[in-house]
file protein-v8.cif (mmCIF, C-alpha atoms and all ligand atoms)
data_run
#
loop_
_atom_site.group_PDB
_atom_site.id
_atom_site.type_symbol
_atom_site.label_atom_id
_atom_site.label_comp_id
_atom_site.auth_asym_id
_atom_site.auth_seq_id
_atom_site.Cartn_x
_atom_site.Cartn_y
_atom_site.Cartn_z
ATOM 1 C CA MET Z 300 77.919 180.409 -67.483
ATOM 2 C CA ALA Z 301 78.428 182.805 -64.570
ATOM 3 C CA ASP Z 302 77.737 186.555 -64.660
ATOM 4 C CA GLY Z 303 79.154 188.948 -62.043
ATOM 5 C CA LEU Z 304 76.451 190.264 -59.642
ATOM 6 C CA ASN Z 305 77.505 192.543 -56.810
ATOM 7 C CA GLY Z 306 80.469 190.320 -56.111
ATOM 8 C CA LYS Z 307 78.414 187.106 -56.258
ATOM 9 C CA ASP Z 308 78.223 184.701 -59.132
ATOM 10 C CA ILE Z 309 74.897 184.053 -60.727
ATOM 11 C CA LEU Z 310 74.421 181.051 -62.945
ATOM 12 C CA ILE Z 311 71.973 181.479 -65.807
ATOM 13 C CA GLN Z 312 71.070 178.452 -67.865
ATOM 14 C CA GLY Z 313 68.249 176.766 -69.748
ATOM 15 C CA ALA Z 314 65.601 175.348 -67.407
ATOM 16 C CA ALA Z 315 65.589 171.584 -66.887
ATOM 17 C CA ALA Z 316 62.724 169.338 -65.832
ATOM 18 C CA ALA Z 317 64.315 169.159 -62.367
ATOM 19 C CA ASP Z 318 63.687 172.930 -61.966
ATOM 20 C CA LEU Z 319 59.918 172.573 -62.377
ATOM 21 C CA GLU Z 320 58.882 172.470 -58.718
ATOM 22 C CA GLU Z 321 61.077 175.429 -57.744
ATOM 23 C CA ILE Z 322 59.738 177.438 -60.697
ATOM 24 C CA PHE Z 323 56.196 176.560 -59.666
ATOM 25 C CA THR Z 324 56.884 177.804 -56.129
ATOM 26 C CA LEU Z 325 58.369 181.037 -57.502
ATOM 27 C CA GLU Z 326 55.331 181.497 -59.779
ATOM 28 C CA ARG Z 327 52.984 181.307 -56.808
ATOM 29 C CA SER Z 328 54.999 183.819 -54.790
ATOM 30 C CA SER Z 329 55.288 186.259 -57.715
ATOM 31 C CA PHE Z 330 52.000 186.507 -59.628
ATOM 32 C CA PRO Z 331 48.355 187.107 -58.717
ATOM 33 C CA ARG Z 332 47.399 184.534 -61.359
ATOM 34 C CA PRO Z 333 50.312 182.070 -61.473
ATOM 35 C CA TRP Z 334 50.677 179.408 -64.119
ATOM 36 C CA SER Z 335 49.582 175.954 -63.024
ATOM 37 C CA ARG Z 336 52.015 173.045 -62.945
ATOM 38 C CA GLU Z 337 50.361 171.798 -66.171
ATOM 39 C CA GLN Z 338 50.938 175.150 -67.935
ATOM 40 C CA LEU Z 339 54.591 175.029 -66.922
ATOM 41 C CA VAL Z 340 54.929 171.485 -68.255
ATOM 42 C CA GLU Z 341 53.427 172.710 -71.547
ATOM 43 C CA GLU Z 342 56.091 175.392 -71.776
ATOM 44 C CA PHE Z 343 58.805 172.831 -71.142
ATOM 45 C CA GLN Z 344 57.416 170.764 -74.018
ATOM 46 C CA CYS Z 345 56.904 173.617 -76.488
ATOM 47 C CA PRO Z 346 59.638 173.720 -79.169
ATOM 48 C CA ALA Z 347 59.201 177.506 -79.590
ATOM 49 C CA ALA Z 348 59.707 178.172 -75.873
ATOM 50 C CA ILE Z 349 62.830 179.397 -74.149
ATOM 51 C CA LEU Z 350 62.945 178.942 -70.381
ATOM 52 C CA LEU Z 351 65.889 180.297 -68.432
ATOM 53 C CA VAL Z 352 66.666 179.971 -64.740
ATOM 54 C CA ALA Z 353 68.993 182.052 -62.589
ATOM 55 C CA ARG Z 354 70.672 180.355 -59.632
ATOM 56 C CA LEU Z 355 72.424 182.136 -56.797
ATOM 57 C CA ASP Z 356 74.329 179.991 -54.319
ATOM 58 C CA GLY Z 357 72.628 176.967 -55.897
ATOM 59 C CA CYS Z 358 69.073 178.163 -55.158
ATOM 60 C CA LEU Z 359 66.567 179.265 -57.770
ATOM 61 C CA ALA Z 360 66.649 183.063 -57.735
ATOM 62 C CA GLY Z 361 64.671 183.800 -60.888
ATOM 63 C CA TYR Z 362 63.284 182.511 -64.132
ATOM 64 C CA LEU Z 363 61.814 183.653 -67.397
ATOM 65 C CA ALA Z 364 59.726 182.141 -70.162
ATOM 66 C CA SER Z 365 59.604 183.341 -73.736
ATOM 67 C CA ARG Z 366 58.253 182.087 -77.042
ATOM 68 C CA CYS Z 367 59.650 182.753 -80.521
ATOM 69 C CA CYS Z 368 57.829 182.925 -83.818
ATOM 70 C CA LEU Z 369 59.982 183.634 -86.877
ATOM 71 C CA ASP Z 370 61.825 186.899 -86.195
ATOM 72 C CA GLU Z 371 59.676 187.952 -83.230
ATOM 73 C CA ALA Z 372 59.456 186.737 -79.651
ATOM 74 C CA GLU Z 373 57.271 187.369 -76.629
ATOM 75 C CA LEU Z 374 58.355 187.485 -73.029
ATOM 76 C CA LEU Z 375 55.620 185.558 -71.219
ATOM 77 C CA LYS Z 376 56.990 185.529 -67.672
ATOM 78 C CA ILE Z 377 59.850 186.873 -65.643
ATOM 79 C CA ALA Z 378 60.076 186.532 -61.879
ATOM 80 C CA VAL Z 379 62.775 186.962 -59.274
ATOM 81 C CA HIS Z 380 62.547 185.481 -55.786
ATOM 82 C CA PRO Z 381 61.059 188.156 -53.455
ATOM 83 C CA ARG Z 382 64.197 188.146 -51.261
ATOM 84 C CA LYS Z 383 66.555 188.376 -54.266
ATOM 85 C CA ARG Z 384 65.033 191.386 -56.021
ATOM 86 C CA CYS Z 385 66.909 194.592 -56.920
ATOM 87 C CA LEU Z 386 70.209 192.724 -57.276
ATOM 88 C CA GLY Z 387 70.281 192.770 -61.068
ATOM 89 C CA ILE Z 388 68.937 189.225 -61.558
ATOM 90 C CA GLY Z 389 65.959 190.294 -63.688
ATOM 91 C CA SER Z 390 68.309 192.355 -65.872
ATOM 92 C CA ALA Z 391 70.749 189.451 -66.197
ATOM 93 C CA LEU Z 392 67.947 187.101 -67.268
ATOM 94 C CA LEU Z 393 66.658 189.569 -69.870
ATOM 95 C CA ASP Z 394 70.139 190.190 -71.214
ATOM 96 C CA ARG Z 395 70.756 186.464 -71.589
ATOM 97 C CA LEU Z 396 67.412 186.062 -73.376
ATOM 98 C CA ALA Z 397 68.215 188.943 -75.746
ATOM 99 C CA ARG Z 398 71.567 187.378 -76.667
ATOM 100 C CA GLN Z 399 69.965 183.996 -77.236
ATOM 101 C CA LEU Z 400 67.186 185.486 -79.385
ATOM 102 C CA SER Z 401 69.649 187.552 -81.417
ATOM 103 C CA ARG Z 402 71.574 184.406 -82.245
ATOM 104 C CA ARG Z 403 68.287 182.959 -83.604
ATOM 105 C CA GLN Z 404 67.877 186.057 -85.808
ATOM 106 C CA VAL Z 405 64.947 187.300 -83.703
ATOM 107 C CA LYS Z 406 64.614 191.040 -84.225
ATOM 108 C CA ARG Z 407 61.891 192.179 -81.837
ATOM 109 C CA LEU Z 408 60.857 191.165 -78.334
ATOM 110 C CA PHE Z 409 57.362 192.037 -77.064
ATOM 111 C CA LEU Z 410 55.742 191.817 -73.652
ATOM 112 C CA GLU Z 411 52.665 192.894 -71.726
ATOM 113 C CA VAL Z 412 52.876 194.428 -68.274
ATOM 114 C CA ARG Z 413 50.292 195.655 -65.802
ATOM 115 C CA ALA Z 414 50.267 199.449 -65.857
ATOM 116 C CA GLY Z 415 50.629 199.465 -62.056
ATOM 117 C CA ASN Z 416 53.644 197.125 -61.962
ATOM 118 C CA LEU Z 417 56.278 199.809 -61.528
ATOM 119 C CA PRO Z 418 59.262 197.532 -60.727
ATOM 120 C CA ALA Z 419 58.663 195.571 -63.941
ATOM 121 C CA ARG Z 420 58.040 198.695 -66.022
ATOM 122 C CA GLU Z 421 61.258 200.254 -64.751
ATOM 123 C CA LEU Z 422 63.188 197.063 -65.447
ATOM 124 C CA TYR Z 423 61.917 196.934 -69.028
ATOM 125 C CA LEU Z 424 62.586 200.631 -69.682
ATOM 126 C CA ALA Z 425 66.104 200.205 -68.299
ATOM 127 C CA ARG Z 426 66.692 197.266 -70.693
ATOM 128 C CA GLY Z 427 65.669 199.209 -73.803
ATOM 129 C CA PHE Z 428 61.937 198.502 -74.086
ATOM 130 C CA SER Z 429 59.429 201.206 -74.938
ATOM 131 C CA VAL Z 430 55.655 201.341 -74.628
ATOM 132 C CA ILE Z 431 53.951 200.798 -77.997
ATOM 133 C CA ALA Z 432 50.294 200.359 -76.931
ATOM 134 C CA ARG Z 433 47.912 200.420 -73.958
ATOM 135 C CA ARG Z 434 45.092 197.863 -73.631
ATOM 136 C CA ARG Z 435 42.461 199.458 -71.436
ATOM 137 C CA GLY Z 436 40.913 197.276 -68.726
ATOM 138 C CA TYR Z 437 42.816 194.255 -70.036
ATOM 139 C CA TYR Z 438 43.197 192.374 -66.745
ATOM 140 C CA SER Z 439 39.874 190.859 -65.726
ATOM 141 C CA ASP Z 440 40.779 190.440 -62.022
ATOM 142 C CA ASN Z 441 41.008 194.192 -61.318
ATOM 143 C CA GLY Z 442 40.310 195.953 -64.628
ATOM 144 C CA GLU Z 443 43.891 197.218 -64.805
ATOM 145 C CA ASP Z 444 45.319 198.392 -68.148
ATOM 146 C CA ALA Z 445 48.058 196.418 -69.902
ATOM 147 C CA LEU Z 446 50.985 198.185 -71.500
ATOM 148 C CA VAL Z 447 52.465 196.514 -74.557
ATOM 149 C CA MET Z 448 56.210 197.081 -74.720
ATOM 150 C CA ALA Z 449 58.765 196.167 -77.371
ATOM 151 C CA ALA Z 450 62.536 196.149 -77.740
ATOM 152 C CA GLU Z 451 64.549 195.934 -80.945
ATOM 153 C CA LEU Z 452 67.182 193.266 -80.504
ATOM 154 C CA ARG Z 453 69.876 195.064 -82.442
ATOM 155 C CA LYS Z 454 72.963 196.190 -80.604
ATOM 156 C CA GLU Z 455 72.337 199.862 -81.239
ATOM 157 C CA THR Z 456 68.895 199.891 -79.523
ATOM 158 C CA TYR Z 457 69.032 197.030 -76.987
ATOM 159 C CA SER Z 458 71.528 197.769 -74.240
ATOM 160 C CA PRO Z 459 72.513 194.690 -72.271
HETATM 161 C C1 LIG F 501 60.063 192.765 -62.075
HETATM 162 C C2 LIG F 501 61.162 191.900 -61.437
HETATM 163 C C3 LIG F 501 61.356 190.668 -62.323
HETATM 164 C C4 LIG F 501 62.469 192.719 -61.421
HETATM 165 O O1 LIG F 501 63.546 191.842 -61.096
HETATM 166 P P1 LIG F 501 64.837 192.373 -60.316
HETATM 167 O O2 LIG F 501 65.848 191.298 -60.312
HETATM 168 O O3 LIG F 501 64.443 192.921 -58.986
HETATM 169 O O4 LIG F 501 65.311 193.571 -61.275
HETATM 170 P P2 LIG F 501 66.764 194.215 -61.336
HETATM 171 O O5 LIG F 501 67.412 194.127 -59.989
HETATM 172 O O6 LIG F 501 67.499 193.655 -62.490
HETATM 173 O O7 LIG F 501 66.406 195.748 -61.588
HETATM 174 C C5 LIG F 501 66.668 196.376 -62.847
HETATM 175 C C6 LIG F 501 66.049 197.754 -62.862
HETATM 176 O O8 LIG F 501 64.640 197.649 -62.727
HETATM 177 C C7 LIG F 501 64.162 198.743 -61.929
HETATM 178 N N1 LIG F 501 63.559 198.206 -60.699
HETATM 179 C C8 LIG F 501 63.625 196.942 -60.221
HETATM 180 N N2 LIG F 501 62.895 196.852 -59.083
HETATM 181 C C9 LIG F 501 62.383 198.072 -58.845
HETATM 182 C C10 LIG F 501 61.536 198.604 -57.835
HETATM 183 N N3 LIG F 501 61.065 197.846 -56.826
HETATM 184 N N4 LIG F 501 61.184 199.915 -57.924
HETATM 185 C C11 LIG F 501 61.618 200.678 -58.942
HETATM 186 N N5 LIG F 501 62.441 200.229 -59.939
HETATM 187 C C12 LIG F 501 62.797 198.942 -59.893
HETATM 188 C C13 LIG F 501 65.350 199.620 -61.644
HETATM 189 O O9 LIG F 501 65.453 200.562 -62.712
HETATM 190 C C14 LIG F 501 66.492 198.638 -61.718
HETATM 191 O O10 LIG F 501 67.720 199.235 -62.063
HETATM 192 P P3 LIG F 501 68.696 199.770 -60.888
HETATM 193 O O11 LIG F 501 68.927 198.603 -59.971
HETATM 194 O O12 LIG F 501 69.916 200.179 -61.632
HETATM 195 O O13 LIG F 501 67.967 200.876 -60.241
HETATM 196 C C15 LIG F 501 60.809 191.501 -59.984
HETATM 197 O O14 LIG F 501 60.447 192.659 -59.274
HETATM 198 C C16 LIG F 501 59.694 190.480 -59.858
HETATM 199 O O15 LIG F 501 59.932 189.271 -59.899
HETATM 200 N N6 LIG F 501 58.431 190.956 -59.707
HETATM 201 C C17 LIG F 501 57.284 190.036 -59.546
HETATM 202 C C18 LIG F 501 56.934 189.355 -60.839
HETATM 203 C C19 LIG F 501 56.608 190.360 -61.929
HETATM 204 O O16 LIG F 501 55.908 191.334 -61.714
HETATM 205 N N7 LIG F 501 57.129 190.080 -63.151
HETATM 206 C C20 LIG F 501 56.892 190.932 -64.306
HETATM 207 C C21 LIG F 501 55.584 190.606 -64.937
HETATM 208 S S1 LIG F 501 55.328 191.585 -66.398
#

call {"tool": "encode", "arguments": {"input": "protein-v8.cif", "output": "structure tokens"}}
result
Amino acid sequence: MADGLNGKDILIQGAAAADLEEIFTLERSSFPRPWSREQLVEEFQCPAAILLVARLDGCLAGYLASRCCLDEAELLKIAVHPRKRCLGIGSALLDRLARQLSRRQVKRLFLEVRAGNLPARELYLARGFSVIARRRGYYSDNGEDALVMAAELRKETYSP
């Protein structure tokens, strides 16, 4: 399915095994501690996982990974290609995830974000998340705090 994006069409769909290598490359360009290929394969095999990819002009522009448990879900990863950021792709991925989760009767979506990751924090705030807790010194690589954020997946509070 295609969503409008500054005049371009972005295709967002469930990730397929053929996307693995591109996702792995995006992981390594996006995170200080990227998932290994084996961790990605585990996500592909996990029945509770939802993996979405965004393609722009046929190339992988972004992806996200989430896991559901009953009526709650966690956003584990979201990344947009460094040259494709600030075009609305992260928002489009989150909106698609929220719609998919709502259809599964999931009511609340949680995530953790580094306190210093301002682009991600702004994205989440703009998509209806709020900070519900701070985990001090959570990240062992630099001692940074983690913020726990949550969004209610009802129409009146989540604004796709
Ligand atoms: C966080 C990330 C996924 C955002 O993706 P994106 O496609 O650039 O986000 P969008 O274009 O949809 O931006 C949506 C909103 O987020 C905020 N935002 C995004 N990038 C921003 C930046 N660099 N500075 C400030 N705000 C920013 C803005 O409020 C923006 O809305 P606006 O365009 O109306 O101003 C992307 O920066 C990324 O891949 N970062 C590296 C990986 C990462 O940190 N993932 C999150 C881990 S918790």

call {"tool": "resolve_selection", "arguments": {"input": "protein-v8.cif", "expression": "the PyMOL selection byres (((chain Z and resi 336) around 12) and not hetatm)", "output": "list in words"}}
result
Ala316, Asp318, Leu319, Glu320, Glu321, Ile322, Phe323, Thr324, Leu325, Glu326, Arg327, Pro333, Trp334, Ser335, Glu337, Gln338, Leu339, Val340, Glu341, Glu342 and Phe343 of chain Z

call {"tool": "resolve_selection", "arguments": {"input": "protein-v8.cif", "expression": "the PyMOL selection byres (((not hetatm)) within 9 of (chain F and resi 501))", "output": "ChimeraX atom specification"}}
result
/Z:325-326,328-330,360-363,374-381,383-393,410-413,416-426

call {"tool": "resolve_selection", "arguments": {"input": "protein-v8.cif", "expression": "the PyMOL selection byres (((chain Z and resi 447) around 7) and not hetatm)", "output": "PyMOL selection string"}}
result
chain Z and resi 410-412+430-433+445-446+448-449

call {"tool": "atom_distance", "arguments": {"input": "protein-v8.cif", "atom1": "CA of Leu369 in chain Z", "atom2": "CA of Lys406 in chain Z"}}
result
9.1 Å

call {"tool": "atom_distance", "arguments": {"input": "protein-v8.cif", "atom1": "CA of Ser365 in chain Z", "atom2": "CA of Leu350 in chain Z"}}
result
6.5 Å

call {"tool": "atom_distance", "arguments": {"input": "protein-v8.cif", "atom1": "CA of Leu310 in chain Z", "atom2": "CA of Ala353 in chain Z"}}
result
5.5 Å

call {"tool": "residues_near_point", "arguments": {"input": "protein-v8.cif", "point": "(63.4, 176.4, -71.0)", "cutoff": "8 Å", "atoms": "all atoms listed in the file", "output": "ChimeraX atom specification"}}
result
/Z:313-315,342-343,348-352,364

call {"tool": "closest_residue", "arguments": {"input": "protein-v8.cif", "among": "Z:Ser439, Z:Gln312, Z:Ser429, Z:Gln344", "to": "Leu359 in chain Z", "atoms": "only C-alpha atoms"}}
result
Z:Gln312

call {"tool": "closest_residue", "arguments": {"input": "protein-v8.cif", "among": "Z:Asp370, Z:Asp444, Z:Glu451, Z:Asp394", "to": "Ile311 in chain Z", "atoms": "only C-alpha atoms"}}
result
Z:Asp394

call {"tool": "axis_aligned_box", "arguments": {"input": "protein-v8.cif", "around": "range 402-414 of chain Z", "padding_each_side": "3 Å", "output": "AutoDock Vina command-line options"}}
result
--center_x 60.9 --center_y 191.2 --center_z -75.8 --size_x 27.3 --size_y 22.5 --size_z 26.0

call {"tool": "closest_residue", "arguments": {"input": "protein-v8.cif", "among": "Z:Gly427, Z:Cys368, Z:Arg435, Z:Pro331", "to": "Ala450 in chain Z", "atoms": "only C-alpha atoms"}}
result
Z:Gly427

call {"tool": "closest_residue", "arguments": {"input": "protein-v8.cif", "among": "Z:Arg366, Z:Arg395, Z:Glu373, Z:Cys345", "to": "Ile309 in chain Z", "atoms": "all atoms listed in the file"}}
result
Z:Arg395

call {"tool": "decode", "arguments": {"input": "protein-v8.cif", "residues": "range 365-408 of chain Z", "atoms": "N, CA and C atoms", "output": "tab-separated table (two decimals), in the first residue's frame"}}
result
chain	number	residue	atom	x	y	z
Z	365	SER	N	8.55	-4.65	16.22
Z	365	SER	CA	7.72	-4.53	17.41
Z	365	SER	C	7.31	-5.93	17.85
Z	366	ARG	N	7.01	-6.05	19.13
Z	366	ARG	CA	6.49	-7.34	19.62
Z	366	ARG	C	5.22	-7.10	20.41
Z	367	CYS	N	4.25	-7.99	20.24
Z	367	CYS	CA	2.96	-7.88	20.94
Z	367	CYS	C	2.86	-8.94	22.02
Z	368	CYS	N	2.19	-8.58	23.10
Z	368	CYS	CA	1.84	-9.56	24.12
Z	368	CYS	C	0.46	-9.17	24.65
Z	369	LEU	N	-0.52	-9.98	24.34
Z	369	LEU	CA	-1.92	-9.70	24.71
Z	369	LEU	C	-2.32	-8.32	24.19
Z	370	ASP	N	-2.73	-7.41	25.09
Z	370	ASP	CA	-3.19	-6.11	24.57
Z	370	ASP	C	-2.12	-5.02	24.69
Z	371	GLU	N	-0.85	-5.44	24.83
Z	371	GLU	CA	0.24	-4.47	24.85
Z	371	GLU	C	1.30	-4.84	23.81
Z	372	ALA	N	2.04	-3.83	23.38
Z	372	ALA	CA	3.12	-4.08	22.42
Z	372	ALA	C	4.29	-3.18	22.76
Z	373	GLU	N	5.46	-3.61	22.30
Z	373	GLU	CA	6.67	-2.79	22.50
Z	373	GLU	C	7.31	-2.50	21.15
Z	374	LEU	N	7.68	-1.27	20.97
Z	374	LEU	CA	8.47	-0.92	19.78
Z	374	LEU	C	9.92	-1.18	20.12
Z	375	LEU	N	10.54	-2.13	19.42
Z	375	LEU	CA	11.92	-2.51	19.73
Z	375	LEU	C	12.92	-1.71	18.92
Z	376	LYS	N	12.57	-1.41	17.67
Z	376	LYS	CA	13.50	-0.71	16.78
Z	376	LYS	C	12.72	0.12	15.79
Z	377	ILE	N	13.25	1.28	15.47
Z	377	ILE	CA	12.77	2.01	14.30
Z	377	ILE	C	13.98	2.76	13.75
Z	378	ALA	N	14.20	2.66	12.46
Z	378	ALA	CA	15.34	3.35	11.86
Z	378	ALA	C	14.98	3.76	10.44
Z	379	VAL	N	15.45	4.95	10.09
Z	379	VAL	CA	15.27	5.48	8.74
Z	379	VAL	C	16.66	5.73	8.17
Z	380	HIS	N	16.84	5.42	6.90
Z	380	HIS	CA	18.13	5.59	6.24
Z	380	HIS	C	18.62	7.03	6.48
Z	381	PRO	N	19.90	7.20	6.84
Z	381	PRO	CA	20.41	8.55	7.18
Z	381	PRO	C	20.10	9.61	6.11
Z	382	ARG	N	20.09	9.22	4.84
Z	382	ARG	CA	19.81	10.22	3.79
Z	382	ARG	C	18.32	10.41	3.51
Z	383	LYS	N	17.47	9.66	4.23
Z	383	LYS	CA	16.02	9.74	3.98
Z	383	LYS	C	15.26	10.24	5.22
Z	384	ARG	N	16.02	10.82	6.16
Z	384	ARG	CA	15.37	11.26	7.40
Z	384	ARG	C	14.66	12.60	7.21
Z	385	CYS	N	13.74	12.89	8.12
Z	385	CYS	CA	12.96	14.15	8.11
Z	385	CYS	C	12.07	14.27	6.88
Z	386	LEU	N	11.66	13.15	6.33
Z	386	LEU	CA	10.72	13.17	5.19
Z	386	LEU	C	9.36	12.60	5.60
Z	387	GLY	N	9.24	12.21	6.86
Z	387	GLY	CA	7.97	11.64	7.31
Z	387	GLY	C	7.94	10.11	7.28
Z	388	ILE	N	9.07	9.47	6.98
Z	388	ILE	CA	9.07	8.00	6.87
Z	388	ILE	C	8.90	7.34	8.24
Z	389	GLY	N	9.60	7.86	9.24
Z	389	GLY	CA	9.45	7.32	10.60
Z	389	GLY	C	8.00	7.43	11.05
Z	390	SER	N	7.39	8.58	10.80
Z	390	SER	CA	5.97	8.77	11.18
Z	390	SER	C	5.09	7.79	10.44
Z	391	ALA	N	5.33	7.61	9.15
Z	391	ALA	CA	4.50	6.69	8.35
Z	391	ALA	C	4.62	5.27	8.87
Z	392	LEU	N	5.83	4.86	9.24
Z	392	LEU	CA	6.02	3.51	9.79
Z	392	LEU	C	5.25	3.34	11.11
Z	393	LEU	N	5.38	4.34	11.98
Z	393	LEU	CA	4.69	4.26	13.28
Z	393	LEU	C	3.18	4.24	13.10
Z	394	ASP	N	2.70	5.04	12.17
Z	394	ASP	CA	1.24	5.09	11.95
Z	394	ASP	C	0.75	3.74	11.43
Z	395	ARG	N	1.51	3.13	10.52
Z	395	ARG	CA	1.11	1.82	10.01
Z	395	ARG	C	1.10	0.80	11.15
Z	396	LEU	N	2.14	0.85	12.00
Z	396	LEU	CA	2.20	-0.10	13.12
Z	396	LEU	C	0.98	0.10	14.04
Z	397	ALA	N	0.66	1.35	14.34
Z	397	ALA	CA	-0.47	1.62	15.25
Z	397	ALA	C	-1.76	1.06	14.68
Z	398	ARG	N	-1.96	1.22	13.36
Z	398	ARG	CA	-3.19	0.69	12.75
Z	398	ARG	C	-3.22	-0.84	12.84
Z	399	GLN	N	-2.07	-1.44	12.57
Z	399	GLN	CA	-1.99	-2.90	12.61
Z	399	GLN	C	-2.25	-3.43	14.03
Z	400	LEU	N	-1.64	-2.75	15.02
Z	400	LEU	CA	-1.83	-3.18	16.41
Z	400	LEU	C	-3.27	-2.98	16.85
Z	401	SER	N	-3.87	-1.88	16.45
Z	401	SER	CA	-5.27	-1.62	16.83
Z	401	SER	C	-6.18	-2.73	16.31
Z	402	ARG	N	-5.89	-3.17	15.09
Z	402	ARG	CA	-6.72	-4.25	14.53
Z	402	ARG	C	-6.57	-5.53	15.33
Z	403	ARG	N	-5.41	-5.70	16.02
Z	403	ARG	CA	-5.20	-6.89	16.87
Z	403	ARG	C	-5.68	-6.64	18.30
Z	404	GLN	N	-6.41	-5.57	18.50
Z	404	GLN	CA	-6.95	-5.21	19.83
Z	404	GLN	C	-5.85	-4.82	20.82
Z	405	VAL	N	-4.68	-4.43	20.32
Z	405	VAL	CA	-3.62	-3.95	21.22
Z	405	VAL	C	-3.98	-2.53	21.64
Z	406	LYS	N	-3.86	-2.27	22.95
Z	406	LYS	CA	-4.32	-0.98	23.47
Z	406	LYS	C	-3.19	0.00	23.76
Z	407	ARG	N	-2.00	-0.54	24.06
Z	407	ARG	CA	-0.92	0.35	24.51
Z	407	ARG	C	0.39	-0.05	23.86
Z	408	LEU	N	1.13	0.92	23.40
Z	408	LEU	CA	2.43	0.68	22.76
Z	408	LEU	C	3.50	1.38	23.60
